[in-house]
Protein chains: 2
Amino acid sequence: MNHLSFPAPVDDLHDATLAQRLQQVLDNKTKPVGALGRLEELALRIGLVLGTEAPVLDQPQMLVCAADHGLTARGVSAYPADVTGQMVQNFLAGGAAVSVLARQHGIALTVVDCGVARELVPQPGLLVRRLGAGTADASAGPAMSAAQCAEAIANGGEIVRALPGNALLLGEMGIGNSSAAALLLARLTRRDIDACTGAGTGLDAAGRAHKRAVLREVLARHAQATAPLDALAALGGFEIATLVGAVLQAARERRVIVVDGFIASAAVLVAHALEPAVVQRCVAAHVSAEPGHALMLRALGLTPLLQLDMRLGEGSGAALAWPLLESACRILREMASFESAGVSRKDGAPSLPEGTAA
Amino acid sequence: MNHLSFPAPVDDLHDATLAQRLQQVLDNKTKPVGALGRLEELALRIGLVLGTEAPVLDQPQMLVCAADHGLTARGVSAYPADVTGQMVQNFLAGGAAVSVLARQHGIALTVVDCGVARELVPQPGLLVRRLGAGTADASAGPAMSAAQCAEAIANGGEIVRALPGNALLLGEMGIGNSSAAALLLARLTRRDIDACTGAGTGLDAAGRAHKRAVLREVLARHAQATAPLDALAALGGFEIATLVGAVLQAARERRVIVVDGFIASAAVLVAHALEPAVVQRCVAAHVSAEPGHALMLRALGLTPLLQLDMRLGEGSGAALAWPLLESACRILREMASFESAGVSRKDGAPSLPEGTAA
């Protein structure tokens, strides 16, 4: 029996002493208390995850997991399923949004074939961890077997263990995977599927109505699949299951986890159902225009950094928000305190700064 | 009579052909149409300002204008006026939020003493363009003379003319300047002063009530000062007037202008009243927690990129949003098109990507 069978639990990060010290450091910076708003909350969170008052984000890793979905046979997406593999190729060639944004910010990009229908040629930057040529059609049976689901989770853990750095950004690609995310949201938070379902890559009103009807049918078929892992296997997503494993492992290692959009958040939702403390390590990069995403973030207790009406996935939102995390760390590390800068406080006590002429 | 007396007008950027070409470029990128949301709008705006489908932001300049305010004698701020000069020193020493964030993003920082009460020793990075040792108390008379106001505007124009690059980020420092901004907002948009007035650097409820009463008195005293330049001179801010000149000049040169918080936006409000087309060049970096700022942005027709409950000024919000502008340009320049990447479109027509195995 190897270590994968008994993974370490995800510790509660609660550390009142460190939280208090971080708050003091922030309050002593040369600005009115709280004037940097949510950037200060972000600094506090990153400090707690990395266990320090002077956090340094090191070698950030964007992990883009890709797979196809059998449910696309039911016409739940505006794009043909071929696009999954084509986009993986585009990620690797550097032409996709996530490629461009990761390059901008010096974020290393790893793309994982978790089960794209059409196998890709081996190439640098591509990890092959295929569980099949796409999931099965979830409207006809479980999207994957319990064994496939467990293997995907183990894959995600292994991949993260091998990656350097202390920050993981979540990305994904899979035509049809906004359906899988909607199904997981509905099942794990007991919401009606209609509220969880949106246009995905761009369905019109009729397409959305059809998608909702199909998803309702899928949920009814798998009414017994209520436990997190049962729901994940039944409702699917090889890429989502792989991300669940990645999130759990990153959380165990106390990496900062930067959550992207609706589908990446669905992986966090499952991981959170298994190990609630994972969300303490998570930063929600943005809220997607896909309506279920706001519900999902609320269920996770996460407040998004950006609200830019994006709905692309890939990890594009996580990459876009990345410099804000860097800024939060630099505020902690590099800003002067009232004392060090000779700046007077709100309550008076003037102190003459060194460079001031008489 | 020199060229300052007859500055060139700010041209209307309306260019339907370029706008259409930019939109086509964006729509051909490998993503569903509109999936990058507000980042696409930003790309369109920057493309129009710089007049190209492949914009490159070059040598961004953060201009932080600082000055003191005579109105602080009336107790309108939570901090002592000495802090203006102390913070200027902190900007130059690299310890302030704007220093840290500008350094993070490779933004050059220029600090201008437009009239700090206590003169600073000359030092690298500091431009001295003083109009006095702080403005006069606006509750007792005009904050500045018409000549001082004109000189400050000319200074701002001259400073920008001498700066390299094609992007200007606006920053400011001045204890008491949220009062000046509130007064300009109330006067130029004919709003009640109460809705325009907030806590500034951190007044309590009693402090805010006092500030509102004082500002109401100031507005009544200068009831005749309704034209933009008259209002600016009466209600004040050497740093705001200098920024007005900087905004006008940057707009004439078709630089991208990144607007920071409440006070920087007040300068844009005045510039817009003089030359409406300036806002076509402006990007609102964020919306401040200072309540008047949202009203001001609405009056300017600008939608903020970030909403992080910040209320610091200095240019901190502009610096924080900067990488989003860079991202928007890179999306235009570096993302693949459906054709170049061999990705199928929504409407079908599958195309086999090069790297796909048979």
# chains A, B, ... in the order shown; residues from 1 in each chain; ligands from 1

$ residues_around --residues "region 235-247 of chain B" --least-positions-apart "3" --cutoff "7 Å" --atoms "only C-alpha atoms" --output "number ranges by chain"
B: 65-67, 69, 114-115, 131, 135, 138, 142-144, 149, 152-157, 160, 172, 177, 180, 183-184, 231-232, 250-251, 267-268, 270-271

$ select_by_dssp --residues "region 255-295 of chain B" --states "alpha helix (DSSP H)" --output "PyMOL selection string"
chain B and resi 262-274+292-295

$ residues_around --residues "Ala133 (chain B)" --least-positions-apart "4" --cutoff "7 Å" --atoms "only C-alpha atoms" --output "list in words"
Gly115, Val116, Ala117 and Arg118 of chain B

$ write_last_selection --atoms "N, CA and C atoms" --output "JSON list (two decimals), in the first residue's frame"
[["chain", "number", "residue", "atom", "x", "y", "z"],
["B", 115, "GLY", "N", 3.36, 72.35, -4.22],
["B", 115, "GLY", "CA", 3.07, 73.32, -3.17],
["B", 115, "GLY", "C", 2.85, 72.63, -1.84],
["B", 116, "VAL", "N", 3.83, 71.84, -1.43],
["B", 116, "VAL", "CA", 3.79, 71.21, -0.12],
["B", 116, "VAL", "C", 4.17, 72.28, 0.90],
["B", 117, "ALA", "N", 3.49, 72.31, 2.05],
["B", 117, "ALA", "CA", 3.69, 73.40, 3.01],
["B", 117, "ALA", "C", 5.16, 73.56, 3.38],
["B", 118, "ARG", "N", 5.80, 72.45, 3.72],
["B", 118, "ARG", "CA", 7.18, 72.51, 4.14],
["B", 118, "ARG", "C", 8.05, 72.07, 2.97]]

$ select_by_dssp --residues "region 79-283 of chain A" --states "strand (DSSP E or B)" --output "number ranges by chain"
A: 108-115, 120, 126-128, 167-173, 256-259, 282-283

$ write_last_selection --atoms "C-alpha atoms" --output "tab-separated table (two decimals), in the first residue's frame"
chain	number	residue	atom	x	y	z
A	108	ALA	CA	5.18	28.07	-15.86
A	109	LEU	CA	2.51	26.28	-17.89
A	110	THR	CA	1.87	22.53	-17.68
A	111	VAL	CA	-0.86	21.02	-19.83
A	112	VAL	CA	-2.24	17.60	-18.93
A	113	ASP	CA	-4.13	15.33	-21.29
A	114	CYS	CA	-6.48	13.69	-18.80
A	115	GLY	CA	-8.55	12.12	-21.55
A	120	LEU	CA	-2.17	14.26	-29.03
A	126	LEU	CA	2.36	18.10	-22.31
A	127	LEU	CA	1.82	15.49	-19.60
A	128	VAL	CA	-0.17	12.44	-20.63
A	167	ALA	CA	1.70	28.55	-5.75
A	168	LEU	CA	-0.61	26.58	-8.03
A	169	LEU	CA	-2.91	28.22	-10.57
A	170	LEU	CA	-5.80	26.09	-11.81
A	171	GLY	CA	-6.77	25.90	-15.45
A	172	GLU	CA	-8.84	23.54	-17.61
A	173	MET	CA	-10.13	22.81	-21.06
A	256	VAL	CA	-1.31	29.11	-2.46
A	257	ILE	CA	-4.06	27.92	-4.83
A	258	VAL	CA	-5.35	30.42	-7.37
A	259	VAL	CA	-8.79	29.36	-8.49
A	282	CYS	CA	-7.54	29.31	-2.07
A	283	VAL	CA	-7.73	32.71	-3.69

$ atom_distance --atom1 "CA of Gln224 (chain B)" --atom2 "CA of Ala294 (chain B)"
26.2 Å

$ atom_distance --atom1 "CA of Leu203 (chain B)" --atom2 "CA of Asp260 (chain B)"
21.1 Å

$ atom_distance --atom1 "CA of Ala289 (chain B)" --atom2 "CA of Ala199 (chain B)"
9.3 Å

$ residues_around --residues "region 54-58 of chain B" --least-positions-apart "2" --cutoff "9 Å" --atoms "only C-alpha atoms" --output "count of residues only"
20

$ closest_residue --among "A:Ser99, A:Ser327, A:Ser288, A:Gln148" --to "Leu63 (chain A)" --atoms "only C-alpha atoms"
A:Ser99

$ residues_around --residues "Leu92 (chain B)" --least-positions-apart "2" --cutoff "8 Å" --atoms "only C-alpha atoms" --output "ChimeraX atom specification"
/B:88-90,94-95,99,111,124-126

$ closest_residue --among "B:Arg45, B:His286, B:Lys29, B:Arg252" --to "His14 (chain B)" --atoms "only C-alpha atoms"
B:Arg45

$ closest_residue --among "A:Leu42, A:Thr17, A:Gly134, A:Ile193" --to "Leu295 (chain A)" --atoms "only C-alpha atoms"
A:Ile193

$ decode --residues "region 294-336 of chain A" --atoms "N, CA and C atoms" --output "tab-separated table (two decimals), in the first residue's frame"
chain	number	residue	atom	x	y	z
A	294	ALA	N	-20.79	32.47	-9.43
A	294	ALA	CA	-20.99	33.29	-8.22
A	294	ALA	C	-21.59	32.43	-7.11
A	295	LEU	N	-22.52	31.54	-7.47
A	295	LEU	CA	-23.12	30.65	-6.47
A	295	LEU	C	-22.06	29.73	-5.87
A	296	MET	N	-21.18	29.25	-6.74
A	296	MET	CA	-20.15	28.33	-6.30
A	296	MET	C	-19.17	29.01	-5.35
A	297	LEU	N	-18.75	30.22	-5.71
A	297	LEU	CA	-17.82	30.95	-4.84
A	297	LEU	C	-18.47	31.24	-3.49
A	298	ARG	N	-19.76	31.57	-3.52
A	298	ARG	CA	-20.46	31.83	-2.26
A	298	ARG	C	-20.48	30.56	-1.41
A	299	ALA	N	-20.74	29.43	-2.06
A	299	ALA	CA	-20.76	28.16	-1.33
A	299	ALA	C	-19.40	27.87	-0.70
A	300	LEU	N	-18.34	28.32	-1.36
A	300	LEU	CA	-16.99	28.08	-0.85
A	300	LEU	C	-16.54	29.18	0.13
A	301	GLY	N	-17.33	30.25	0.24
A	301	GLY	CA	-16.94	31.36	1.11
A	301	GLY	C	-15.79	32.17	0.54
A	302	LEU	N	-15.65	32.18	-0.78
A	302	LEU	CA	-14.56	32.93	-1.41
A	302	LEU	C	-15.10	34.17	-2.11
A	303	THR	N	-14.36	35.28	-2.01
A	303	THR	CA	-14.74	36.51	-2.69
A	303	THR	C	-13.75	36.74	-3.84
A	304	PRO	N	-14.26	36.91	-5.04
A	304	PRO	CA	-13.35	37.02	-6.18
A	304	PRO	C	-12.59	38.35	-6.20
A	305	LEU	N	-11.36	38.30	-6.70
A	305	LEU	CA	-10.58	39.53	-6.84
A	305	LEU	C	-11.05	40.38	-8.02
A	306	LEU	N	-11.31	39.74	-9.14
A	306	LEU	CA	-11.67	40.47	-10.36
A	306	LEU	C	-13.12	40.16	-10.76
A	307	GLN	N	-13.74	41.16	-11.36
A	307	GLN	CA	-15.09	40.98	-11.90
A	307	GLN	C	-15.08	41.61	-13.27
A	308	LEU	N	-14.65	40.86	-14.25
A	308	LEU	CA	-14.45	41.43	-15.58
A	308	LEU	C	-15.32	40.77	-16.64
A	309	ASP	N	-16.38	40.09	-16.21
A	309	ASP	CA	-17.34	39.47	-17.15
A	309	ASP	C	-16.67	38.52	-18.12
A	310	MET	N	-15.62	37.85	-17.64
A	310	MET	CA	-14.95	36.87	-18.48
A	310	MET	C	-15.65	35.53	-18.34
A	311	ARG	N	-15.52	34.70	-19.36
A	311	ARG	CA	-16.13	33.36	-19.32
A	311	ARG	C	-15.36	32.45	-20.26
A	312	LEU	N	-14.05	32.41	-20.07
A	312	LEU	CA	-13.20	31.64	-20.98
A	312	LEU	C	-12.65	30.37	-20.33
A	313	GLY	N	-12.37	30.43	-19.02
A	313	GLY	CA	-11.69	29.30	-18.40
A	313	GLY	C	-10.23	29.27	-18.82
A	314	GLU	N	-9.68	28.07	-18.95
A	314	GLU	CA	-8.27	27.84	-19.35
A	314	GLU	C	-7.30	28.17	-18.23
A	315	GLY	N	-7.74	28.91	-17.20
A	315	GLY	CA	-6.84	29.50	-16.23
A	315	GLY	C	-6.58	30.97	-16.54
A	316	SER	N	-7.32	31.51	-17.53
A	316	SER	CA	-7.07	32.90	-17.95
A	316	SER	C	-7.32	33.89	-16.81
A	317	GLY	N	-8.37	33.67	-16.03
A	317	GLY	CA	-8.66	34.57	-14.92
A	317	GLY	C	-7.62	34.47	-13.82
A	318	ALA	N	-7.15	33.25	-13.57
A	318	ALA	CA	-6.12	33.04	-12.54
A	318	ALA	C	-4.84	33.76	-12.93
A	319	ALA	N	-4.45	33.64	-14.20
A	319	ALA	CA	-3.23	34.31	-14.66
A	319	ALA	C	-3.39	35.83	-14.59
A	320	LEU	N	-4.57	36.31	-14.95
A	320	LEU	CA	-4.82	37.75	-14.96
A	320	LEU	C	-4.74	38.33	-13.54
A	321	ALA	N	-5.20	37.57	-12.56
A	321	ALA	CA	-5.20	38.06	-11.17
A	321	ALA	C	-3.84	37.90	-10.50
A	322	TRP	N	-2.97	37.11	-11.08
A	322	TRP	CA	-1.70	36.78	-10.43
A	322	TRP	C	-0.92	37.99	-9.90
A	323	PRO	N	-0.77	39.07	-10.70
A	323	PRO	CA	0.02	40.20	-10.18
A	323	PRO	C	-0.55	40.81	-8.91
A	324	LEU	N	-1.85	40.64	-8.67
A	324	LEU	CA	-2.43	41.15	-7.43
A	324	LEU	C	-1.88	40.39	-6.23
A	325	LEU	N	-1.66	39.09	-6.39
A	325	LEU	CA	-1.07	38.30	-5.30
A	325	LEU	C	0.37	38.74	-5.06
A	326	GLU	N	1.08	38.98	-6.14
A	326	GLU	CA	2.45	39.49	-6.03
A	326	GLU	C	2.46	40.83	-5.30
A	327	SER	N	1.50	41.70	-5.66
A	327	SER	CA	1.42	43.02	-5.03
A	327	SER	C	1.17	42.88	-3.53
A	328	ALA	N	0.27	41.98	-3.17
A	328	ALA	CA	-0.06	41.80	-1.76
A	328	ALA	C	1.19	41.40	-0.97
A	329	CYS	N	1.99	40.52	-1.54
A	329	CYS	CA	3.23	40.10	-0.85
A	329	CYS	C	4.22	41.25	-0.75
A	330	ARG	N	4.33	42.02	-1.82
A	330	ARG	CA	5.29	43.13	-1.81
A	330	ARG	C	4.88	44.21	-0.81
A	331	ILE	N	3.57	44.42	-0.67
A	331	ILE	CA	3.09	45.37	0.34
A	331	ILE	C	3.61	44.94	1.72
A	332	LEU	N	3.49	43.67	2.01
A	332	LEU	CA	3.98	43.16	3.31
A	332	LEU	C	5.50	43.30	3.43
A	333	ARG	N	6.19	42.99	2.36
A	333	ARG	CA	7.65	42.93	2.45
A	333	ARG	C	8.33	44.28	2.29
A	334	GLU	N	7.79	45.14	1.44
A	334	GLU	CA	8.56	46.31	0.99
A	334	GLU	C	8.06	47.66	1.46
A	335	MET	N	6.79	47.74	1.89
A	335	MET	CA	6.29	49.05	2.31
A	335	MET	C	6.93	49.44	3.63
A	336	ALA	N	7.19	50.75	3.78
A	336	ALA	CA	7.75	51.27	5.02
A	336	ALA	C	6.68	51.32	6.11
